[in-house]
Amino acid sequence: MPTTSAPLPAVPPGAESITLGAGCFWCTDAVFLQLPGVISVTSGYMGGQLPNPTYEQVCTGKTGHAEVSQVVFDPQKITLEQVLQQFWHAHDPTTLNRQGGDVGPQYRSAIFYNSSAQRAVAEASRTAASRDFPAPIVTEITPAATFYPAENYHQDYYRLNKNRNPYCQAVIRPKLQKLGLQS
C-alpha cells in the first residue's frame with residue numbers, strides 16, 4: 001500500500017475539532033462522516049511518543065498512539081455534546097484497549113480535547129453516558145497532542161471499500177445499522 005499520509009484537516013473559521021479514539025478508525029470515520037454539521041473526518045494517530053508513525057508501527061501496540069478520528073464540525077449545526085453522544089454509542093467505552101476483535105492500546109477509547117471548555121464538556125458527557133452502560137467507562141480524557149494523519153488509503157475507508165472488504169461488511173455495516181445511520 002502507498003504510505004503517503006493524508007494532509008492535516010483544515011479547520012475553517014468558526015469551526016472546532018475534537019479527536020476521538022473509539023477502536024478502529026475505519027469504523028468511527030464511517031459514523032462521524034454521516035452527522036449533519038460535521039465538516040470533515042480524518043483518520044490518524046495521537047497520544048504516543050513516536051513522531052510520524054505509520055499504520056504498521058501503530059499496529060504493534062508499542063508506539064503509545066491510538067487510532068483516532070479528528071472530527072471537524074460546525075458548532076452552529078452540531079454541538080460537541082451531540083458529537084460525543086454519538087461517540088459513546090459508536091463503540092464500547094467500557095472495554096480497556098479493545099473493541100470487538102481489535103485488541104491493543106491502539107484501540108483504546110479516548111477523547112483528546114483542545115481546550116478547557118472541551119474538557120468540561122467531555123467530562124460532563126462521560127458522566128451522562130455512564131448511565132447507559134452496565135460497566136464503568138474507561139475512556140481517557142486527555143489534552144490533544146500532535147495529530148498525525150493516517151495514510152491516504154485509510155481515509156473514508158468504509159465508503160470506498162464497503163463492498164470489497166469483509167471487515168466493512170461484518171463489523172462496520174452492523175454498527176451503522178445499530179446507530180440508525182446509512183450503511
# chains A, B, ... in the order shown; residues from 1 in each chain; ligands from 1

$ closest_atom_pairs --of "stretch 74-127 of chain A" --to "stretch 17-38 of chain A" --cutoff "7 Å" --atoms "only C-alpha atoms" --output "tab-separated table"
residue	atom	partner	partner_atom	distance
A:Asp74	CA	A:Gly37	CA	5.3
A:Lys77	CA	A:Gly37	CA	4.8
A:Ile78	CA	A:Gly37	CA	5.1
A:His91	CA	A:Ala22	CA	5.8
A:Arg98	CA	A:Gly23	CA	6.9
A:Gln99	CA	A:Gly23	CA	5.4
A:Tyr107	CA	A:Gly23	CA	4.1
A:Arg108	CA	A:Gly23	CA	6.0
A:Ser109	CA	A:Ala22	CA	4.8
A:Ala110	CA	A:Gly21	CA	4.6
A:Ile111	CA	A:Leu20	CA	4.8
A:Phe112	CA	A:Thr19	CA	5.1
A:Tyr113	CA	A:Ile18	CA	5.9
A:Asn114	CA	A:Ile18	CA	6.8

$ select_by_dssp --residues "stretch 6-117 of chain A" --states "strand (DSSP E)" --output "PyMOL selection string"
chain A and resi 16-22+38-46+66-73+98-99+102-103+109-113

$ residues_around --residues "A:Asp132" --least-positions-apart "2" --cutoff "12 Å" --atoms "only C-alpha atoms" --output "list of chain:residue names"
A:Gln85, A:Trp88, A:His89, A:Asp92, A:Pro93, A:Thr94, A:Ser125, A:Arg126, A:Thr127, A:Ala128, A:Ala129, A:Ser130, A:Pro134, A:Ala135, A:Pro136, A:Ile137

$ write_last_selection --atoms "N, CA and C atoms" --output "short mmCIF file (atom, residue, chain, number, x, y, z; two decimals), in the first residue's frame"
data_model
loop_
_atom_site.label_atom_id
_atom_site.label_comp_id
_atom_site.auth_asym_id
_atom_site.auth_seq_id
_atom_site.Cartn_x
_atom_site.Cartn_y
_atom_site.Cartn_z
N GLN A 85 -22.19 12.39 22.13
CA GLN A 85 -23.28 11.44 22.33
C GLN A 85 -23.19 10.30 21.31
N TRP A 88 -20.11 7.92 22.23
CA TRP A 88 -20.33 6.92 23.29
C TRP A 88 -21.02 5.68 22.76
N HIS A 89 -21.91 5.85 21.78
CA HIS A 89 -22.68 4.71 21.29
C HIS A 89 -22.08 4.08 20.04
N ASP A 92 -17.71 0.52 22.44
CA ASP A 92 -17.92 0.12 23.83
C ASP A 92 -16.87 0.82 24.70
N PRO A 93 -17.26 1.91 25.37
CA PRO A 93 -16.29 2.66 26.17
C PRO A 93 -15.95 2.00 27.50
N THR A 94 -16.45 0.79 27.72
CA THR A 94 -16.19 0.10 28.99
C THR A 94 -15.12 -0.98 28.86
N SER A 125 -20.15 14.84 29.59
CA SER A 125 -20.71 13.84 28.67
C SER A 125 -20.43 12.42 29.16
N ARG A 126 -19.21 12.20 29.66
CA ARG A 126 -18.87 10.87 30.20
C ARG A 126 -19.76 10.53 31.39
N THR A 127 -19.99 11.50 32.26
CA THR A 127 -20.86 11.28 33.42
C THR A 127 -22.27 10.92 32.96
N ALA A 128 -22.79 11.66 32.00
CA ALA A 128 -24.14 11.38 31.49
C ALA A 128 -24.19 10.01 30.81
N ALA A 129 -23.17 9.69 30.01
CA ALA A 129 -23.15 8.42 29.29
C ALA A 129 -23.02 7.23 30.22
N SER A 130 -22.42 7.42 31.38
CA SER A 130 -22.20 6.29 32.30
C SER A 130 -23.52 5.63 32.71
N PRO A 134 -23.63 -0.79 31.71
CA PRO A 134 -23.64 -1.52 32.97
C PRO A 134 -22.27 -1.56 33.67
N ALA A 135 -21.21 -1.37 32.91
CA ALA A 135 -19.85 -1.40 33.48
C ALA A 135 -19.27 0.02 33.47
N PRO A 136 -18.24 0.27 34.27
CA PRO A 136 -17.64 1.62 34.29
C PRO A 136 -16.99 1.98 32.95
N ILE A 137 -17.10 3.24 32.59
CA ILE A 137 -16.46 3.75 31.38
C ILE A 137 -14.96 3.91 31.65
#

$ closest_atom_pairs --of "stretch 19-131 of chain A" --to "stretch 147-162 of chain A" --cutoff "7 Å" --atoms "only C-alpha atoms" --output "CSV"
residue,atom,partner,partner_atom,distance
A:Trp26,CA,A:Tyr157,CA,5.7
A:Asp29,CA,A:Asp156,CA,6.5
A:Ala30,CA,A:Tyr158,CA,5.9
A:Thr42,CA,A:Gln155,CA,6.4
A:Ser43,CA,A:Ala150,CA,5.6
A:Gly44,CA,A:Pro149,CA,4.1
A:Tyr45,CA,A:Tyr148,CA,5.2
A:Met46,CA,A:Phe147,CA,5.2
A:Asn52,CA,A:Tyr148,CA,6.2
A:Tyr55,CA,A:Ala150,CA,6.9

$ atom_distance --atom1 "atom CA of A:Arg119" --atom2 "atom CA of A:Thr63"
24.5 Å

$ closest_residue --among "A:Pro53, A:Leu80, A:Gly48, A:Val71" --to "A:Ala10" --atoms "only C-alpha atoms"
A:Val71

$ residues_around --residues "A:Lys62" --least-positions-apart "5" --cutoff "12 Å" --atoms "only C-alpha atoms" --output "list in words"
Gly47, Gly48, Gln49, Leu50, Pro53, Thr54, Tyr55, Glu56, Gln57, Gly104, Pro105 and Gln106 of chain A

$ write_last_selection --atoms "N, CA and C atoms" --output "mmCIF file, in the first residue's frame"
data_model
loop_
_atom_site.group_PDB
_atom_site.id
_atom_site.type_symbol
_atom_site.label_atom_id
_atom_site.label_comp_id
_atom_site.auth_asym_id
_atom_site.auth_seq_id
_atom_site.Cartn_x
_atom_site.Cartn_y
_atom_site.Cartn_z
ATOM 1 N N GLY A 47 -1.460 10.474 20.715
ATOM 2 C CA GLY A 47 -1.302 10.012 22.083
ATOM 3 C C GLY A 47 -0.061 9.211 22.369
ATOM 4 N N GLY A 48 0.807 9.047 21.387
ATOM 5 C CA GLY A 48 2.005 8.251 21.595
ATOM 6 C C GLY A 48 3.273 9.079 21.559
ATOM 7 N N GLN A 49 4.389 8.379 21.625
ATOM 8 C CA GLN A 49 5.677 9.059 21.674
ATOM 9 C C GLN A 49 6.449 9.027 20.363
ATOM 10 N N LEU A 50 6.036 8.219 19.395
ATOM 11 C CA LEU A 50 6.774 8.094 18.135
ATOM 12 C C LEU A 50 6.319 9.157 17.142
ATOM 13 N N PRO A 53 4.259 8.323 12.964
ATOM 14 C CA PRO A 53 4.107 6.869 12.924
ATOM 15 C C PRO A 53 3.396 6.399 11.654
ATOM 16 N N THR A 54 3.676 5.169 11.302
ATOM 17 C CA THR A 54 2.963 4.522 10.198
ATOM 18 C C THR A 54 1.921 3.580 10.784
ATOM 19 N N TYR A 55 1.002 3.158 9.952
ATOM 20 C CA TYR A 55 -0.022 2.210 10.379
ATOM 21 C C TYR A 55 0.631 0.935 10.922
ATOM 22 N N GLU A 56 1.633 0.440 10.223
ATOM 23 C CA GLU A 56 2.301 -0.784 10.647
ATOM 24 C C GLU A 56 2.933 -0.624 12.028
ATOM 25 N N GLN A 57 3.521 0.533 12.297
ATOM 26 C CA GLN A 57 4.117 0.785 13.608
ATOM 27 C C GLN A 57 3.054 0.878 14.695
ATOM 28 N N GLY A 104 -5.554 -4.148 21.722
ATOM 29 C CA GLY A 104 -4.282 -3.456 21.924
ATOM 30 C C GLY A 104 -4.529 -2.012 22.309
ATOM 31 N N PRO A 105 -3.507 -1.351 22.861
ATOM 32 C CA PRO A 105 -3.675 0.031 23.314
ATOM 33 C C PRO A 105 -3.998 1.003 22.176
ATOM 34 N N GLN A 106 -3.698 0.601 20.951
ATOM 35 C CA GLN A 106 -4.017 1.467 19.809
ATOM 36 C C GLN A 106 -5.526 1.542 19.557
#

$ select_by_dssp --residues "stretch 5-170 of chain A" --states "helix (DSSP H, G or I)" --output "PyMOL selection string"
chain A and resi 25-32+55-59+80-89+105-107+116-132+152-154+157-161+166-170

$ write_last_selection --atoms "C-alpha atoms" --output "tab-separated table (two decimals), in the first residue's frame"
chain	number	residue	atom	x	y	z
A	25	PHE	CA	-10.70	4.39	12.75
A	26	TRP	CA	-12.39	2.80	9.74
A	27	CYS	CA	-15.43	2.32	11.97
A	28	THR	CA	-15.51	5.75	13.52
A	29	ASP	CA	-15.00	7.75	10.35
A	30	ALA	CA	-17.96	5.90	8.83
A	31	VAL	CA	-20.11	7.10	11.75
A	32	PHE	CA	-18.97	10.71	12.09
A	55	TYR	CA	-0.02	2.21	10.38
A	56	GLU	CA	2.30	-0.78	10.65
A	57	GLN	CA	4.12	0.79	13.61
A	58	VAL	CA	0.91	1.73	15.41
A	59	CYS	CA	-0.46	-1.80	14.88
A	80	LEU	CA	-19.74	18.98	20.84
A	81	GLU	CA	-22.26	17.34	23.19
A	82	GLN	CA	-24.04	15.85	20.16
A	83	VAL	CA	-20.78	14.64	18.62
A	84	LEU	CA	-19.84	12.98	21.91
A	85	GLN	CA	-23.28	11.44	22.33
A	86	GLN	CA	-22.69	9.61	19.06
A	87	PHE	CA	-19.13	8.75	20.15
A	88	TRP	CA	-20.33	6.92	23.29
A	89	HIS	CA	-22.68	4.71	21.29
A	105	PRO	CA	-3.67	0.03	23.31
A	106	GLN	CA	-4.02	1.47	19.81
A	107	TYR	CA	-7.76	0.66	20.03
A	116	SER	CA	-10.61	23.58	28.94
A	117	ALA	CA	-14.14	24.15	27.64
A	118	GLN	CA	-13.95	20.94	25.56
A	119	ARG	CA	-12.56	19.09	28.57
A	120	ALA	CA	-15.53	20.19	30.71
A	121	VAL	CA	-17.99	19.10	28.01
A	122	ALA	CA	-16.20	15.74	27.64
A	123	GLU	CA	-16.24	15.06	31.38
A	124	ALA	CA	-19.93	16.01	31.69
A	125	SER	CA	-20.71	13.84	28.67
A	126	ARG	CA	-18.87	10.87	30.20
A	127	THR	CA	-20.86	11.28	33.42
A	128	ALA	CA	-24.14	11.38	31.49
A	129	ALA	CA	-23.15	8.42	29.29
A	130	SER	CA	-22.20	6.29	32.30
A	131	ARG	CA	-25.92	5.77	32.95
A	132	ASP	CA	-26.20	3.94	29.60
A	152	ASN	CA	-4.33	8.13	2.37
A	153	TYR	CA	-5.74	4.64	1.89
A	154	HIS	CA	-7.26	4.79	5.41
A	157	TYR	CA	-12.30	3.78	4.14
A	158	TYR	CA	-15.81	2.40	4.58
A	159	ARG	CA	-17.36	4.38	1.74
A	160	LEU	CA	-14.56	3.40	-0.63
A	161	ASN	CA	-14.38	-0.28	0.41
A	166	PRO	CA	-15.23	-8.34	4.63
A	167	TYR	CA	-14.38	-6.26	7.74
A	168	CYS	CA	-16.59	-3.48	6.41
A	169	GLN	CA	-19.48	-5.89	5.89
A	170	ALA	CA	-19.08	-7.82	9.15

$ residues_around --residues "A:Val103" --least-positions-apart "6" --cutoff "9 Å" --atoms "only C-alpha atoms" --output "JSON, numbers by chain"
{"A": [23, 61, 96, 97]}

$ write_last_selection --atoms "C-alpha atoms" --output "short mmCIF file (atom, residue, chain, number, x, y, z; two decimals), in the first residue's frame"
data_model
loop_
_atom_site.label_atom_id
_atom_site.label_comp_id
_atom_site.auth_asym_id
_atom_site.auth_seq_id
_atom_site.Cartn_x
_atom_site.Cartn_y
_atom_site.Cartn_z
CA GLY A 23 -11.32 1.45 18.22
CA GLY A 61 0.79 -1.52 20.06
CA LEU A 96 -9.91 -1.33 28.03
CA ASN A 97 -7.73 -1.48 24.91
#

$ atom_distance --atom1 "atom CA of A:Gly100" --atom2 "atom CA of A:Gly64"
19.8 Å

$ atom_distance --atom1 "atom CA of A:Ala145" --atom2 "atom CA of A:Thr95"
22.9 Å
